[in-house]
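Shown below: model_34.cif, with mmCIF, C-alpha atoms.
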```cif
data_work
loop_
_atom_site.label_atom_id
_atom_site.label_comp_id
_atom_site.auth_asym_id
_atom_site.auth_seq_id
_atom_site.Cartn_x
_atom_site.Cartn_y
_atom_site.Cartn_z
CA MET J 1 89.75 64.74 199.95
CA SER J 2 86.46 63.67 198.50
CA THR J 3 83.77 66.33 198.09
CA ASN J 4 81.10 64.04 199.51
CA THR J 5 80.62 65.09 203.13
CA LYS J 6 77.70 62.68 203.80
CA SER J 7 79.89 59.98 205.30
CA LEU J 8 81.92 62.45 207.34
CA ILE J 9 81.25 63.19 210.97
CA ALA J 10 82.80 65.74 213.29
CA CYS J 11 83.09 65.09 217.02
CA ARG J 12 80.80 67.46 218.92
CA GLU J 13 83.33 67.96 221.69
CA CYS J 14 86.69 68.22 219.93
CA ASP J 15 85.77 68.77 216.24
CA LEU J 16 87.88 65.83 215.07
CA LEU J 17 86.88 64.91 211.53
CA LEU J 18 86.09 61.23 211.15
CA ARG J 19 84.62 58.92 208.57
CA GLU J 20 81.48 57.09 209.68
CA ILE J 21 81.76 53.31 209.93
CA PRO J 22 78.87 50.84 210.23
CA LEU J 23 78.26 49.56 213.76
CA LEU J 24 76.97 46.27 215.13
CA PRO J 25 73.45 46.47 216.62
CA GLY J 26 73.63 48.15 220.02
CA GLY J 27 77.12 49.46 219.32
CA VAL J 28 78.38 52.95 220.15
CA ALA J 29 81.06 54.84 218.24
CA CYS J 30 83.39 56.95 220.38
CA CYS J 31 85.77 59.70 219.35
CA CYS J 32 89.35 58.41 219.31
CA CYS J 33 90.68 61.79 220.45
CA CYS J 34 88.45 62.87 223.35
CA GLY J 35 86.35 59.76 224.01
CA ALA J 36 82.97 61.45 223.49
CA ALA J 37 80.14 59.25 222.19
CA LEU J 38 79.64 59.98 218.47
CA TYR J 39 76.69 57.89 217.37
CA ARG J 40 74.87 54.66 218.18
CA ASN J 41 73.28 51.88 216.24
CA THR J 42 69.89 51.25 217.83
CA PRO J 43 67.80 48.85 215.74
CA GLY J 44 64.05 49.18 216.30
CA SER J 45 64.53 52.30 218.38
CA LEU J 46 61.69 54.26 216.72
CA VAL J 47 58.94 51.84 217.70
CA ARG J 48 60.36 51.17 221.16
CA THR J 49 60.72 54.89 221.84
CA LEU J 50 57.15 55.49 220.65
CA ALA J 51 55.82 52.85 223.07
CA LEU J 52 57.78 54.30 225.98
CA THR J 53 56.76 57.86 225.07
CA LEU J 54 53.04 56.96 224.96
CA ALA J 55 53.31 55.28 228.35
CA ALA J 56 55.19 58.27 229.77
CA ALA J 57 52.58 60.69 228.35
CA ILE J 58 49.67 58.82 229.99
CA LEU J 59 51.45 58.68 233.35
CA PHE J 60 52.46 62.32 233.01
CA ILE J 61 48.81 63.35 232.69
CA VAL J 62 47.93 61.27 235.77
CA ALA J 63 50.88 62.80 237.64
CA ASN J 64 49.63 66.31 236.90
CA VAL J 65 45.95 65.78 237.66
CA TYR J 66 46.06 63.90 240.97
CA PRO J 67 47.56 65.21 244.24
CA ILE J 68 51.20 64.39 244.91
CA LEU J 69 51.09 64.62 248.67
CA GLY J 70 48.68 65.47 251.43
CA ILE J 71 49.42 66.45 255.02
CA GLU J 72 47.30 66.38 258.12
CA ILE J 73 47.98 68.49 261.21
CA GLN J 74 45.53 68.16 264.11
CA GLY J 75 42.69 67.09 261.88
CA VAL J 76 43.25 69.79 259.25
CA ARG J 77 44.12 68.44 255.83
CA ASN J 78 45.81 69.96 252.83
CA ALA J 79 46.85 68.30 249.60
CA THR J 80 48.34 69.64 246.39
CA ASN J 81 49.07 68.58 242.87
CA LEU J 82 51.87 70.04 240.76
CA GLY J 83 49.74 72.76 239.16
CA GLY J 84 48.40 73.71 242.59
CA ALA J 85 51.93 74.05 243.97
CA VAL J 86 52.92 76.33 241.09
CA TYR J 87 49.74 78.40 241.52
CA SER J 88 50.20 78.70 245.28
CA LEU J 89 53.78 79.96 244.84
CA TRP J 90 52.56 82.46 242.24
CA ASN J 91 50.07 83.84 244.79
CA GLN J 92 52.83 84.15 247.39
CA GLU J 93 54.55 86.77 245.21
CA MET J 94 57.22 84.26 244.18
CA ARG J 95 56.45 84.61 240.50
CA MET J 96 59.98 83.91 239.22
CA ILE J 97 60.33 80.68 241.17
CA SER J 98 56.80 79.69 240.25
CA SER J 99 57.50 80.20 236.52
CA LEU J 100 60.81 78.35 236.78
CA VAL J 101 59.11 75.35 238.39
CA CYS J 102 56.25 75.48 235.87
CA VAL J 103 58.62 75.56 232.89
CA THR J 104 60.97 72.81 234.08
CA THR J 105 58.43 70.33 235.44
CA ILE J 106 55.23 70.94 233.43
CA LEU J 107 55.80 72.85 230.18
CA VAL J 108 59.08 71.38 228.92
CA PRO J 109 58.22 67.72 229.64
CA ALA J 110 54.74 68.22 228.14
CA ILE J 111 56.11 69.84 224.97
CA GLU J 112 58.81 67.18 224.74
CA LEU J 113 56.31 64.32 225.00
CA ALA J 114 53.84 65.92 222.58
CA MET J 115 56.54 66.56 219.98
CA MET J 116 57.96 63.06 220.33
CA ILE J 117 54.52 61.54 219.69
CA TYR J 118 53.91 63.87 216.72
CA LEU J 119 57.26 62.80 215.32
CA LEU J 120 57.32 59.09 216.07
CA LEU J 121 53.71 58.10 215.36
CA PRO J 122 53.84 58.90 211.59
CA LEU J 123 57.49 57.78 211.32
CA SER J 124 56.63 54.35 212.73
CA MET J 125 54.09 54.09 209.87
CA ARG J 126 56.79 55.12 207.38
CA ARG J 127 55.38 58.61 206.87
CA VAL J 128 57.34 61.78 207.44
CA PRO J 129 55.31 64.47 209.24
CA PRO J 130 55.82 68.11 208.14
CA GLY J 131 58.32 70.20 210.07
CA VAL J 132 60.51 67.33 211.29
CA ALA J 133 63.68 69.43 211.17
CA LEU J 134 62.14 72.24 213.20
CA ILE J 135 60.77 69.82 215.80
CA LEU J 136 64.07 68.00 216.21
CA ARG J 137 65.81 71.35 216.63
CA ILE J 138 63.33 72.45 219.32
CA LEU J 139 63.64 69.08 221.09
CA HIS J 140 67.42 69.41 221.04
CA SER J 141 67.36 72.89 222.56
CA ILE J 142 64.73 72.35 225.29
CA LYS J 143 66.06 68.98 226.43
CA PRO J 144 68.29 70.30 229.27
CA TRP J 145 65.34 72.16 230.81
CA GLY J 146 63.09 69.16 231.51
CA MET J 147 63.87 68.20 235.10
CA VAL J 148 61.31 65.61 236.14
CA GLU J 149 63.96 63.38 237.73
CA VAL J 150 65.24 66.25 239.90
CA PHE J 151 61.66 67.04 240.89
CA MET J 152 61.19 63.41 241.92
CA LEU J 153 64.16 63.72 244.27
CA GLY J 154 62.64 67.00 245.51
CA ILE J 155 59.44 65.13 246.42
CA LEU J 156 61.46 62.60 248.43
CA VAL J 157 63.34 65.33 250.32
CA ALA J 158 60.05 67.13 251.01
CA LEU J 159 58.61 63.85 252.36
CA VAL J 160 61.46 63.54 254.85
CA LYS J 161 61.19 67.20 255.88
CA LEU J 162 57.44 66.88 256.48
CA ALA J 163 57.58 63.55 258.27
CA ASP J 164 58.31 65.03 261.69
CA LEU J 165 55.84 67.91 261.27
CA SER J 166 52.66 66.11 260.30
CA SER J 167 51.18 62.85 259.13
CA LEU J 168 51.57 62.31 255.41
CA ILE J 169 49.08 61.05 252.86
CA PRO J 170 50.90 59.93 249.69
CA GLY J 171 48.86 60.73 246.57
CA VAL J 172 48.43 58.89 243.29
CA ALA J 173 50.72 61.38 241.52
CA LEU J 174 53.60 60.46 243.82
CA TRP J 175 53.78 56.99 242.26
CA SER J 176 53.01 58.34 238.79
CA PHE J 177 55.95 60.75 239.02
CA GLY J 178 58.18 57.83 239.94
CA GLY J 179 56.96 56.01 236.83
CA VAL J 180 57.34 59.10 234.61
CA THR J 181 60.93 59.54 235.84
CA LEU J 182 61.85 55.97 234.92
CA LEU J 183 60.01 56.08 231.58
CA LEU J 184 61.57 59.40 230.55
CA ALA J 185 65.01 57.99 231.34
CA ALA J 186 64.17 54.98 229.15
CA VAL J 187 62.92 57.29 226.36
CA ALA J 188 66.16 59.30 226.49
CA ALA J 189 68.21 56.11 226.38
CA SER J 190 66.29 54.60 223.48
CA PHE J 191 65.63 57.68 221.30
CA ASN J 192 68.24 58.15 218.60
CA PRO J 193 67.69 61.43 216.70
CA ARG J 194 70.21 60.27 214.10
CA ASP J 195 67.70 57.64 212.94
CA VAL J 196 65.12 60.37 212.33
CA TRP J 197 67.63 62.59 210.51
CA GLY J 198 68.47 59.45 208.50
CA CYS J 199 64.77 59.09 207.53
CA LEU J 200 64.89 62.65 206.21
CA ASP J 201 67.90 61.87 204.05
CA ARG J 202 66.24 58.81 202.57
CA GLU J 203 62.91 60.45 201.70
CA PRO J 204 63.63 63.90 200.34
CA ASP J 205 60.36 65.71 200.93
CA PRO J 206 60.23 69.27 199.60
CA LYS J 207 58.05 70.38 202.52
CA VAL J 208 60.54 69.03 205.03
CA SER J 209 63.78 70.10 203.48
CA ALA J 210 62.54 73.62 202.77
CA MET W 1 99.47 64.91 223.90
CA MET W 2 99.32 65.70 220.21
CA ARG W 3 96.61 65.54 217.65
CA VAL W 4 97.67 64.24 214.30
CA THR W 5 94.34 64.27 212.50
CA PRO W 6 92.74 67.51 211.34
CA SER W 7 89.74 69.19 212.88
CA ALA W 8 86.70 69.78 210.70
CA ALA W 9 87.09 73.55 211.06
CA GLY W 10 90.73 73.29 209.95
CA LEU W 11 89.52 71.88 206.62
CA GLY W 12 86.78 74.50 206.22
CA LEU W 13 84.05 72.05 207.20
CA CYS W 14 81.39 72.88 209.76
CA SER W 15 79.26 70.44 211.73
CA CYS W 16 75.68 71.39 212.62
CA ARG W 17 75.08 71.61 216.39
CA ALA W 18 71.47 70.44 215.97
CA CYS W 19 71.66 67.57 213.48
CA GLY W 20 75.36 66.81 213.23
CA LEU W 21 75.59 67.06 209.44
CA VAL W 22 79.04 68.08 208.20
CA SER W 23 78.95 70.61 205.38
CA ARG W 24 81.15 73.20 203.73
CA PRO W 25 79.66 76.67 204.30
CA ASP W 26 79.97 79.07 201.38
CA PRO W 27 80.95 82.53 202.66
CA ALA W 28 79.61 84.15 199.47
CA VAL W 29 75.99 83.18 200.25
CA GLY W 30 75.82 85.11 203.53
CA PRO W 31 75.13 83.70 207.01
CA ALA W 32 75.63 79.96 206.73
CA ARG W 33 72.79 77.56 207.44
CA CYS W 34 72.77 73.79 207.70
CA PRO W 35 71.62 72.33 204.36
CA ARG W 36 69.61 69.65 206.16
CA CYS W 37 67.94 71.35 209.13
CA ARG W 38 68.44 75.07 208.37
CA SER W 39 70.08 75.79 211.76
CA PRO W 40 72.64 78.61 211.73
CA LEU W 41 76.14 77.20 211.27
CA HIS W 42 79.21 78.36 213.18
CA PHE W 43 82.69 76.83 213.27
CA ARG W 44 82.70 77.57 217.02
CA LYS W 45 79.86 78.88 219.19
CA PRO W 46 79.99 82.66 218.53
CA ASN W 47 81.61 84.69 221.31
CA SER W 48 81.45 81.64 223.55
CA VAL W 49 84.12 82.73 226.05
CA GLY W 50 82.76 86.26 226.51
CA HIS W 51 79.16 85.17 227.04
CA CYS W 52 80.22 82.36 229.35
CA TRP W 53 82.27 84.77 231.50
CA ALA W 54 79.36 87.22 231.74
CA LEU W 55 76.93 84.52 232.87
CA LEU W 56 79.48 83.08 235.26
CA VAL W 57 80.28 86.42 236.93
CA ALA W 58 76.54 87.05 237.38
CA ALA W 59 76.23 83.59 238.96
CA TYR W 60 79.16 84.29 241.34
CA ILE W 61 77.54 87.55 242.46
CA LEU W 62 74.15 85.92 243.05
CA TYR W 63 75.75 82.98 244.85
CA LEU W 64 76.21 85.23 247.91
CA PRO W 65 72.54 86.24 248.44
CA ALA W 66 71.53 82.70 247.46
CA ASN W 67 73.44 81.36 250.46
CA LEU W 68 73.00 84.23 252.92
CA LEU W 69 69.30 85.03 252.51
CA PRO W 70 66.66 82.64 253.84
CA ILE W 71 65.15 80.38 251.19
CA MET W 72 62.34 79.17 253.44
CA GLU W 73 60.35 80.73 256.26
CA THR W 74 58.53 78.31 258.54
CA GLY W 75 55.92 79.47 261.03
CA THR W 76 54.14 77.29 263.59
CA LEU W 77 51.99 78.19 266.57
CA PHE W 78 54.94 78.52 268.89
CA ALA W 79 57.90 79.53 266.82
CA SER W 80 59.00 80.75 263.45
CA ARG W 81 62.33 80.09 261.82
CA LYS W 82 64.10 81.27 258.73
CA ASP W 83 66.28 78.75 256.96
CA THR W 84 69.12 79.44 254.60
CA ILE W 85 70.31 76.55 252.47
CA LEU W 86 73.07 75.66 254.91
CA SER W 87 70.91 75.93 258.05
CA GLY W 88 68.34 73.71 256.32
CA VAL W 89 71.03 71.08 255.81
CA VAL W 90 72.19 71.42 259.43
CA HIS W 91 68.58 71.06 260.62
CA LEU W 92 68.15 67.88 258.57
CA TRP W 93 71.42 66.53 259.98
CA GLU W 94 70.45 67.29 263.57
CA THR W 95 67.05 65.65 263.22
CA GLY W 96 68.77 62.45 262.13
CA SER W 97 68.11 62.46 258.37
CA TRP W 98 71.79 62.11 257.48
CA GLY W 99 71.27 60.63 254.03
CA ILE W 100 68.90 63.40 252.92
CA ALA W 101 71.14 66.02 254.56
CA ALA W 102 74.07 64.72 252.50
CA ILE W 103 72.02 64.74 249.26
CA VAL W 104 70.83 68.33 249.82
CA PHE W 105 74.34 69.45 250.80
CA ILE W 106 75.82 67.97 247.63
CA ALA W 107 73.06 69.19 245.30
CA SER W 108 72.63 72.70 246.72
CA ILE W 109 76.04 73.72 248.00
CA LEU W 110 78.76 71.56 246.46
CA VAL W 111 77.36 71.24 242.92
CA PRO W 112 76.87 74.99 242.20
CA LEU W 113 80.26 75.81 243.71
CA PHE W 114 81.95 72.99 241.80
CA LYS W 115 80.27 74.11 238.59
CA MET W 116 81.37 77.72 238.89
CA ILE W 117 84.96 76.84 239.82
CA ALA W 118 85.18 74.25 237.03
CA LEU W 119 83.85 76.69 234.41
CA THR W 120 86.27 79.38 235.62
CA LEU W 121 89.14 76.92 235.28
CA LEU W 122 87.99 75.87 231.80
CA LEU W 123 87.55 79.49 230.65
CA ILE W 124 90.98 80.60 231.91
CA SER W 125 92.71 77.58 230.37
CA VAL W 126 90.94 78.16 227.04
CA GLN W 127 91.80 81.86 227.02
CA ARG W 128 95.46 81.11 227.71
CA ARG W 129 95.30 78.58 224.86
CA SER W 130 96.59 76.01 227.32
CA THR W 131 97.52 72.52 226.13
CA TRP W 132 97.44 71.26 229.69
CA TRP W 133 95.57 67.95 230.30
CA PRO W 134 92.95 68.32 227.53
CA MET W 135 91.38 64.94 228.23
CA GLN W 136 90.83 65.74 231.91
CA ARG W 137 89.39 69.15 231.03
CA ALA W 138 87.04 67.57 228.48
CA ARG W 139 85.88 65.13 231.18
CA LEU W 140 85.45 68.00 233.62
CA TYR W 141 83.20 69.79 231.14
CA ARG W 142 81.11 66.64 230.64
CA LEU W 143 80.70 66.34 234.41
CA VAL W 144 79.67 70.02 234.72
CA ASP W 145 77.07 69.47 232.03
CA LEU W 146 75.78 66.33 233.75
CA VAL W 147 75.41 67.48 237.36
CA GLY W 148 74.23 71.08 236.88
CA ARG W 149 70.51 70.35 236.78
CA TRP W 150 70.49 68.61 240.18
CA SER W 151 70.93 71.93 241.97
CA MET W 152 67.27 72.66 241.25
CA LEU W 153 66.48 70.22 244.05
CA ASP W 154 66.06 72.85 246.78
CA ILE W 155 63.77 74.97 244.61
CA TYR W 156 61.41 72.01 244.19
CA VAL W 157 61.50 71.17 247.91
CA VAL W 158 60.61 74.76 248.82
CA THR W 159 57.83 74.80 246.21
CA LEU W 160 56.23 71.65 247.57
CA LEU W 161 56.53 72.70 251.20
CA ALA W 162 55.21 76.20 250.55
CA ALA W 163 52.20 74.78 248.72
CA LEU W 164 51.43 72.04 251.23
CA VAL W 165 52.09 73.58 254.60
CA GLN W 166 49.36 76.23 254.53
CA ILE W 167 47.28 75.22 257.51
CA ARG W 168 45.96 78.55 258.75
CA SER W 169 47.65 79.51 262.02
CA LEU W 170 48.95 76.04 262.81
CA ALA W 171 51.79 75.90 260.35
CA THR W 172 52.81 77.87 257.29
CA VAL W 173 55.81 77.72 255.02
CA ARG W 174 56.77 80.52 252.65
CA ALA W 175 59.51 80.69 250.07
CA GLY W 176 62.18 83.23 251.02
CA THR W 177 63.97 85.76 248.83
CA GLY W 178 67.08 83.59 248.83
CA ALA W 179 65.18 81.12 246.65
CA ILE W 180 65.02 83.67 243.81
CA ALA W 181 68.78 84.24 243.94
CA PHE W 182 69.40 80.51 244.18
CA GLY W 183 67.15 79.75 241.20
CA ALA W 184 68.97 82.44 239.24
CA VAL W 185 72.36 80.87 240.08
CA VAL W 186 71.20 77.49 238.80
CA VAL W 187 69.74 78.93 235.57
CA LEU W 188 72.76 81.18 234.93
CA THR W 189 75.30 78.38 235.44
CA MET W 190 73.26 76.11 233.15
CA PHE W 191 73.30 78.78 230.44
CA ALA W 192 77.02 79.34 231.02
CA ALA W 193 77.75 75.63 230.61
CA MET W 194 75.68 75.56 227.39
CA LYS W 195 77.50 78.61 226.04
CA PHE W 196 80.95 77.11 226.62
CA ASP W 197 82.32 75.38 223.54
CA PRO W 198 84.31 72.25 224.51
CA ARG W 199 86.01 72.25 221.10
CA LEU W 200 88.02 75.27 222.27
CA ILE W 201 89.82 72.94 224.69
CA TRP W 202 91.28 71.00 221.76
CA ASP W 203 92.01 73.82 219.32
CA PRO W 204 95.38 74.88 220.80
CA LEU W 205 96.67 71.31 220.56
CA LEU W 206 95.95 71.29 216.90
CA LYS W 207 97.91 74.49 216.31
CA GLU W 208 100.80 72.95 218.22
CA SER W 209 100.87 69.80 216.11
CA GLU W 210 100.59 71.77 212.88
CA SER W 211 103.59 74.00 213.63
#
```
Kindly present the structure from the file in structure tokens form.
Amino acid sequence: MSTNTKSLIACRECDLLLREIPLLPGGVACCCCCGAALYRNTPGSLVRTLALTLAAAILFIVANVYPILGIEIQGVRNATNLGGAVYSLWNQEMRMISSLVCVTTILVPAIELAMMIYLLLPLSMRRVPPGVALILRILHSIKPWGMVEVFMLGILVALVKLADLSSLIPGVALWSFGGVTLLLAAVAASFNPRDVWGCLDREPDPKVSA
Amino acid sequence: MMRVTPSAAGLGLCSCRACGLVSRPDPAVGPARCPRCRSPLHFRKPNSVGHCWALLVAAYILYLPANLLPIMETGTLFASRKDTILSGVVHLWETGSWGIAAIVFIASILVPLFKMIALTLLLISVQRRSTWWPMQRARLYRLVDLVGRWSMLDIYVVTLLAALVQIRSLATVRAGTGAIAFGAVVVLTMFAAMKFDPRLIWDPLLKESES
């Protein structure tokens, strides 16, 4: 066996050792043992992902600033945005639930978007920002905890539950959250961390590899 | 089903969980780290089965209060009601929102139960070094990983309702103690699924084809 392990790849799900083969644009390599997706060839993914991430970040800010929903019962109104909902739950002595909601719908998506922009903006201009490896590792480990799409479904269920209790006033953030959900799905589909790891291999930067 | 080709670990090679680089760790240097991204390297997730069991048992225990205690307390001028997850679904069904009732039932009751049973099955089969239907078990694990997050649905619904419906004496909604247990079940099962190493499903097959 050759000592060069660069062209080797091990399946994440069954540890089958394989040799990497070039793919056609848009192609996906799957493990021949367990069928798991191994890697993709996504030409132009860096720039496309950057565009989608910037759009998602702008909408995400809008979605957090403006109210999601308002209700009106006998002339009395109440509206809340996401931060307000988290704060209100915190004041109701539901600190654990409040923190869980804050982490999964505000903190993790915000960190994810900020890190993606920090990573992709210089990379799209052919520069490698410091700490790429660390950032990719953090992105990889926090990814499962961003749950904007589940929250979106939560908003819809809450709408139905409230509909018979009061009259509803949909807020700007309701539509923004819909947009963020779609954009984040598009970002996840288009982002290919392998491309970024590939950039690291091509430009050995002492600051990065250290 | 047999595997003819070797696993990376069988050849002394280790793939990095974070960046995917395959390298040969040198035991003389101490704890192995990925040469590219400096993540700790392990042939298999360390103590995966033990940790997964611990998280899973905790989730099973909390599943009871999560379903028995009220997750939402609604008070209006005339009446107050306490809803558990199931009674919330029944209420939605009775008021005619069948689609939403079905979504909440699947996300809050079926998904956590399915996840815990599936992980138990996977853990037992891995511990017995079973070679039984590896492909189906691998697919089962992928499904567990995919659907787990959707159980958070009820937590978000309660959060929104408790924040919005605060109209003095007219109507108030508060989150119940069941919500804490339910949130814990979701988080624990997510950690359990992350801790499980799907490569363990395939390892016994390799031993079989080598001997």
**Asked** Do you know which residues the PyMOL selection byres ((chain J) within 6 of (chain W)) returns on this file, as a PyMOL selection string?
**Response** chain J and resi 13-17+85+88+133+137+150-151+154+158
**Request:** State, in Å with one decimal place, the distance from CA of Arg19 (chain J) to CA of Ser190 (chain J).
**Result:** 24.0 Å
**Request:** Provide the CA of Trp175 (chain J) to CA of Leu69 (chain J) distance in Å, to one decimal place.
**Result:**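 That distance, rounded to one decimal, is 10.3 Å.
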**Spatial neighbours of region 46-53 of chain J, 9 Å, only C-alpha atoms, chain gap at least 4 places, as a count of residues only** = 22
**Asked** Between J:Ser99, J:Thr181, J:Ser167, J:Gln74, which is the closest to Ala56 (chain J) once you count all atoms listed in the file?
**Response**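 Counting all atoms listed in the file, the residue closest to Ala56 (chain J) is J:Thr181.
Here the question is which of W:Leu143, W:Leu56, W:Ala192, W:Val173 gets nearest to Pro70 (chain W) using all atoms listed in the file, and that residue is W:Val173.
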